[in-house]
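Only one structure is covered here, and it is reproduced in the block below.
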Amino acid sequence: MYQWRKFEFFEEKSGGKSNGVPEEVSGRIECCSSGRGRVVIGCDDGIVSLLDRGLNFNYAFQAHSSSVLFLQQLKQRNFLVTVGVDEQISPQQSAMCLKVFDLDKMQPEGSSMTSPDCIGILRIFTNQFPEAKITSFLVLEEAPPILLIAIGLDNGCIYCIKGDIGRERITRFKLQVDNISDKSQSAITGLGFRVDGQVLQLFAITPASVSLFSLQDQPPKRQTLDQIGSNVNSVAMSDRSEFIIGRPEAVYFYEVDGRGPCWAFEGEKKFLGWFRGYLLCVIADQRTGKNTFNIYDLKNRLIAHSIVVKEVTHMLCEWGNIILIMSDKSALCIGEKDMESKLDMLFKKNLYTVAINLVQSQQADAAATAEVLRKYGDHLYSKQDYDEAMSQYIHTIGHLEPSYVIQKFLDAQRIYNLTNYLEKLHEKGLASKDHTTLLLNCYTKLKDVEKLNIFIKSEDGIGEHKFDVETAIRVCRAANYHEHAMYVAKKAGRHELYLKILLEDLGRYDEALQYISSLEPSQAGVTVKEYGKILIEHKPVETIEILMRLCTEDKESVKQGASSGAYLSMLPSPVDFLNIFIHHLQSLMDFLEKYTDKVKDSPAQVEIHNTVLELYLSNDMNFPSISQASNNGDLNLGAAGMSRAESNGKFAADRKDSAKEKDSLGRRDKGLRLLKSAWPSELEHPLYDVDLAIILCEMNAFKEGLLYLYEKMKLYKEVIACYMQAHDHEGLIACCKRLGDSGKGGDPSLWADLLKYFGELGEDCSKEVKEVLTYIERDDILPPIIVLQTLSRNPCLTLSVIKDYIARKLEQESKLIEEDRQSIEKYQEDSLAMRKEVEDLRTNARIFQLSKCTACTFTLDLPAVHFMCMHSFHQRCLGDNEKECPECAPEYRSVLEMKRSLEQNSKDQDQFFRQVKSSKDGFSVIAEYFGKGIISKTGNGPTGGGGVRAGSTSSSSGL
C-alpha cells in the first residue's frame with residue numbers, strides 16, 4: 001500500500017448553497033439513491049426528497065406513513081422503487097410495503113403539495129414468505145415494464161419479485177443462502193446482479209460466505225464462491241461485472257468462477273463504490289478514529305485522491321461527481337480533473353510511464369496518447385537513452401510526423417535506432433518514397449545484407465503496399481545492390497526497370513533477351529521499344545529473332561482458325577520498332593527483309609516498302625569498321641600484325657571502299673527489284689509511295705529507278721530527260737524508239753524533243769540526227785522548216801546532215817503540190833458543169849419522154865407527175881407525198897441531216913478547240929470547218945423537198 005503514489009486527480013466542488021443536504025430534508029436520512037440527474041433521499045418520517053444538480057431541493061412527498069428503509073431510482077424509466085413501513089391494516093399482515101412511483105406523473109395531494117403517482121403497492125411478506133428483517137435491497141431493470149427485485153433478509157433468504165408490479169403481474173420465488181442457526185452469520189449483507197447476454201446471475205454475501213445464483217435455471221442454482229464474507233454492507237459492482245467486497249484486511253473481487261484479484265488496503269471498509277474505472281473506498285482507521293476517503297486507480301497502482309472525511313453515511317455518484325453525505329447532513333462533492341491537468345501534474349514530476357498508463361487506461365484518443373509518448377521520448381532522448389526513446393517514438397507512428405523523429409536521430413548519428421524506426425514505419429504502410437530511400441541507405445551503409453533481404457524479399461508485404469518500388473530500385477542500383485533491385489522489379493511486375501538494370505548496369509544481354517521472350521507479347525513489345533537500341537547494338541541477331549516472333553503470325557494462331565488478315569491486324573507492326581534501329585540501319589534492313597519474306601500481306605506494307613527502299617537506295621548506310629570487316633572475312637589483325645596494317649593502310653582503305661561500293665550496288669539491285677515487284681501490272685497504284693520513291697532515286701542518283709518509275713507513270717518526257725542529263729545518246733534514241741511509237745501507245749512528240757536536244761547540244765551528233773530525222777520523216781512529225789530552224793542552232797552540224805532529208809521532203813512537197821493542182825482543176829471543171837446545169841434548169845424547158853411510171857413500171861397515163869430529176873410517176877402511186885421524188889428523197893434527206901448536224905456542231909466550241917489541239921496540223925481542222933461551210937456560212941439556203949413539181953401535170957427536176 002505504501003509504495004502507491006498519491007496524486008490529486010480529483011478536486012472538491014461546491015455541493016450546493018449550504019454545502020450539504022438542504023434544510024427542507026428534516027428527517028433522519030435512512031437511504032439514498034441517484035440517477036437521471038437527481039439525488040433521492042428517504043428519511044425516517046416516510047418522506048422522500050428529490051434534489052437537483054448541486055443538491056438543491058426540488059420537491060418532496062410522503063412515500064410511506066412511517067419510515068423509508070430502502071429506495072432505488074431506476075435508470076431506464078423515471079420510476080422510483082421504495083421499501084418502507086406503512087400503517088398495519090391487520091395483525092396478520094406486515095406493515096412492510098414495496099411501492100413503485102412514476103415520477104413523470106404528478107397528482108395533487110393538497111393545496112400546495114404534489115406527489116408522483118404510485119403505480120404499484122406490494123406487501124413484501126406473505127404466508128409463503130414469512131416476515132424477517134430486511135438487510136439489503138436491489139432492483140434490476142429488465143425489458144420494461146419487467147422488474148426483478150431482490151430483497152435480502154437476516155435469516156439468509158433472498159425474496160425475489162419479478163414482473164410488472166403496476167399491473168400486479170408478478171411471480172415470487174425464494175433463494176436460500178445458508179441454513180445457519182446463528183442469524184448474525186446468515187444475514188444477507190450485500191447483493192449484486194450480473195447480466196451477460198441472456199445469462200442473469202445474482203451475487204449474494206453473508207458474513208460467512210459469498211454465493212452466486214444462476215437465475216436462468218429453474219430452480220435457480222446456487223454456487224458458493226468463498227467461505228468467508230463480510231458483516232458490513234460494503235459491496236459494489238465494477239464496470240466488468242465483478243462483485244467487490246470490502247473486508248478489514250483487503251478488498252476482494254469476485255467473478256463467476258470464484259475469487260479474483262485482491263487488494264490489500266488496511267482498515268475497515270465503511271463504503272465501497274465504482275466510478276469511471278476507479279475504486280471508491282471509505283476506510284475507518286480504528287487506531288486514530290478517522291475516516292479516509294480514497295480513490296484508487298487499480299490499473300496504474302496509484303491513489304488518484306485521498307481526503308480525511310467525517311463519518312460518512314451514504315455515498316452516491318451523479319452528475320459526473322462523487323457525493324458523500326455525512327452523518328451531520330453535510331455533503332462533499334468530488335469531481336475528476338480534466339486529462340490535461342492530470343498529465344501536466346505527471347509531466348512536472350517526470351512520471352511519463354504513469355502518464356502513459358493513465359491515458360491508455362482511460363481510453364483516451366490515439367492522438368492524446370501519442371503526444372504523451374512523444375514527450376516521454378523527448379525526455380529519454382534528452383537523457384541520451386536513445387534505445388528507450390526510440391521504443392516510445394515507435395508507438396507514435398501514425399500520429400507524430402516521422403520527420404520529427406528522423407531528424408533527431410540523424411543529428412545523433414544513431415543509424416541503428418533510425419533503421420528500427422523506419423522499419424516500423426514501413427510495416428504500418430505509412431512510409432513515403434523518402435522514407436524508403438532513407439531506410440535502404442541505412443541498410444547499405446550498414447552493409448546489412450540480411451536485413452536488406454528481409455525487407456526486399458519478405459513474402460508478407462512485397463510491392464507498393466510496403467514501400468515504393470521505384471524508390472527501392474533506384475537506391476539499390478545506386479548502392480550497387482543490383483540483384484535486390486532486380487528482385488523488386490520482377491516481383492512488382494516492373495519489367496522495364498528489370499531490363500534497365502540488366503542492360504545498363506550489368507550488361508547481361510542474353511539474360512535480358514531471355515526475359516523478354518518470357519513476357520506476354522504486348523508487354524514484350526513495350527520493353528523492346530524502350531530498350532531495343534541497346535539490344536540491337538550488342539545482340540542484333542537475337543533481337544531481330546524476338547521482333548520476328550512478335551510481328552509475325554505463329555503456327556498456334558493458325559491452328560486455332562484465326563484468319564491471317566485479322567490476326568496480322570492484331571500483331572504489332574515492324575514500323576513501331578523502327579526507332580530502335582536509328583544507329584543500326586544494316587540490322588534494320590535485315591529485319592525488314594526477313595519480315596517481308598515471311599509476311600506478304602502486312603497492313604503496313606506500304607510503310608515497310610518505303611523504309612526498305614530508302615535503305616536500299618541510301619548512300620549513307622553505316623558499314624562495319626575495318627576490324628569488323630576483317631573479323632567477318634577471316635582476316636585477323638592481332639597485335640603482331642599492327643605494324644603491317646599501318647604500313648598497308650592504303651590497301652585497307654581501298655578494300656573498305658571496294659566492299660562499300662559492292663554493297664551499294666547490291667542494295668541498288670535489290671531496290672530496283674523492289675520497285676518492280678511492288679508495282680504489279682494489275683495494280684493501278686504501287687505498294688509504296690511513288691513520290692517518295694522518286695525523291696529517293698533523285699537524291700541518290702539512282703537512274704535505273706527513276707527511268708522505271710517515269711516510264712511506269714507514262715512520264716515519257718521525264719524519261720528522255722534522264723537520258724539527256726546523262727548524255728546517253730544511244731539510250732536516248734533507243735528509248736524514243738520504244739516510247740515514241742504512236743501505234744503502240746507512245747508519244748511521237750518525243751522525237752521533236754530529241755531533235756531540239758541535239759539542236760542545242762553544241763557538239764557533232766550527225767549520226768544521231770540522221771537517225772532521228774528518219775523517224776520524224778516517217779511519221780511526218782515536224783515540218784521541214786521547223787527541222788531546219790531547230791538544227792540551225794547547233795554550229796557543229798553541217799547542211800550535209802539534212803541535205804538528203806530536205807531533198808526528199810521537197811520532192812514529196814512537189815508531188816503534193818501537183819496533186820493539189822490537179823484536184824483544183826477537176827473541182828473547177830465540176831463546178832462549171834454544175835453551174836451550167838443550174839442555169840439550164842432555170843432558163844430552158846425540159847422534155848419528159850418517160851412512158852412508164854418509175855414506181856409501178858406501168859404505162860404512164862394522166863394524171864402524172866414529173867420531177868426535175870427526170871423521174872415520172874402516176875399521181876396515184878405518189879399518194880399524199882407529191883412534193884418530193886420517192887427515189888431521190890432518201891439521198892437528199894441524208895444530205896440535209898448532215899448539214900443540220902454540222903450546224904449544231906458549229907455551236908460546240910469546246911469540241912472545236914479540242915480537235916485543234918489534238919490534231920497534228922491544226923490548220924487542217926480549221927480548213928475542214930470552212931470547207932463544210934460552218935464558219936463561213938452567212939445565210940440559209942432552200943430547205944425544200946427532193947424535187948419540185950413543174951405544175952399540175954409536170955414538175956421541175958429535183959436536186
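We label chains A, B, ... in the order they appear in the C-alpha cells, count residues from 1 in each chain, and number ligands from 1 in the order shown.
Residues with any atom within 8 Å of Asp86 of chain A, counting only C-alpha atoms and excluding same-chain neighbours fewer than 2 positions away, are His64, Ser65, Ser66, Ser67, Gly84, Gln88, Ala95, Met96 and Cys97 of chain A.
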Query raised in the report: What's the 8 Å shell around Glu131 of chain A, counting only C-alpha atoms, without same-chain residues fewer than 3 positions away, as a ChimeraX atom specification?
Result: /A:94,125-126
Query raised in the report: Of the candidates A:Glu891, A:Glu897, A:Glu388, A:Asp117, which shows the shortest atom-to-atom distance to Asn420 of chain A, using only C-alpha atoms?
Result: A:Glu388
Query - Sel. of strand (DSSP E) residues, segment 8-214 of chain A, as a VMD selection string - result: chain A and resid 10 to 13 29 to 35 38 to 43 47 to 52 56 to 62 68 to 73 79 to 85 96 to 108 114 to 123 134 to 141 147 to 153 157 to 164 169 to 176 190 to 196 199 to 205 210 to 214
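Closest approach to Gln73 of chain A among A:Cys43, A:Leu138, A:Ile322, A:Leu302: A:Leu138, based on only C-alpha atoms.
Around Asp921 of chain A, within 12 Å and counting only C-alpha atoms, the residues found are Asp780, Ile781, Leu782, Pro783, Gln915, Val916, Ile926, Ala927 and Glu928 of chain A, once anything fewer than 5 positions away on its own chain is removed.
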Query - segment 669-675 of chain A environment, 12 Å, only C-alpha atoms, sequence neighbours closer than 3 positions dropped, as a PyMOL selection string - result: chain A and resi 589+593+596-597+606+608-618+662-666+678-680+685-690+692-694+696-697+700+702-710+712
Ser587 of chain A surroundings by only C-alpha atoms, 10 Å radius, close-in-sequence under 6 positions cut, as an mmCIF file with N, CA and C atoms, in the first residue's frame:
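Below you can see result_23.cif, which holds the result:
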data_model
loop_
_atom_site.group_PDB
_atom_site.id
_atom_site.type_symbol
_atom_site.label_atom_id
_atom_site.label_comp_id
_atom_site.auth_asym_id
_atom_site.auth_seq_id
_atom_site.Cartn_x
_atom_site.Cartn_y
_atom_site.Cartn_z
ATOM 1 N N ILE A 536 19.949 -4.032 -79.892
ATOM 2 C CA ILE A 536 20.385 -4.084 -81.289
ATOM 3 C C ILE A 536 21.881 -3.826 -81.395
ATOM 4 N N GLU A 537 22.377 -2.971 -80.519
ATOM 5 C CA GLU A 537 23.797 -2.645 -80.574
ATOM 6 C C GLU A 537 24.667 -3.835 -80.198
ATOM 7 N N PRO A 540 22.303 -8.010 -82.142
ATOM 8 C CA PRO A 540 21.346 -7.697 -83.224
ATOM 9 C C PRO A 540 20.585 -8.925 -83.729
ATOM 10 N N VAL A 541 21.275 -10.049 -83.881
ATOM 11 C CA VAL A 541 20.631 -11.233 -84.463
ATOM 12 C C VAL A 541 19.522 -11.739 -83.540
ATOM 13 N N THR A 543 17.970 -10.118 -81.174
ATOM 14 C CA THR A 543 16.888 -9.138 -81.055
ATOM 15 C C THR A 543 15.954 -9.201 -82.261
ATOM 16 N N ILE A 544 16.530 -9.380 -83.437
ATOM 17 C CA ILE A 544 15.697 -9.477 -84.645
ATOM 18 C C ILE A 544 14.821 -10.725 -84.574
ATOM 19 N N PHE A 581 16.364 1.095 -84.420
ATOM 20 C CA PHE A 581 17.434 0.835 -85.391
ATOM 21 C C PHE A 581 18.072 2.121 -85.890
ATOM 22 N N GLU A 593 13.790 -7.216 -94.319
ATOM 23 C CA GLU A 593 13.847 -8.216 -95.386
ATOM 24 C C GLU A 593 13.266 -9.544 -94.916
#
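Atom CA of Asp385 of chain A is positioned 20.0 Å from atom CA of Leu346 of chain A.
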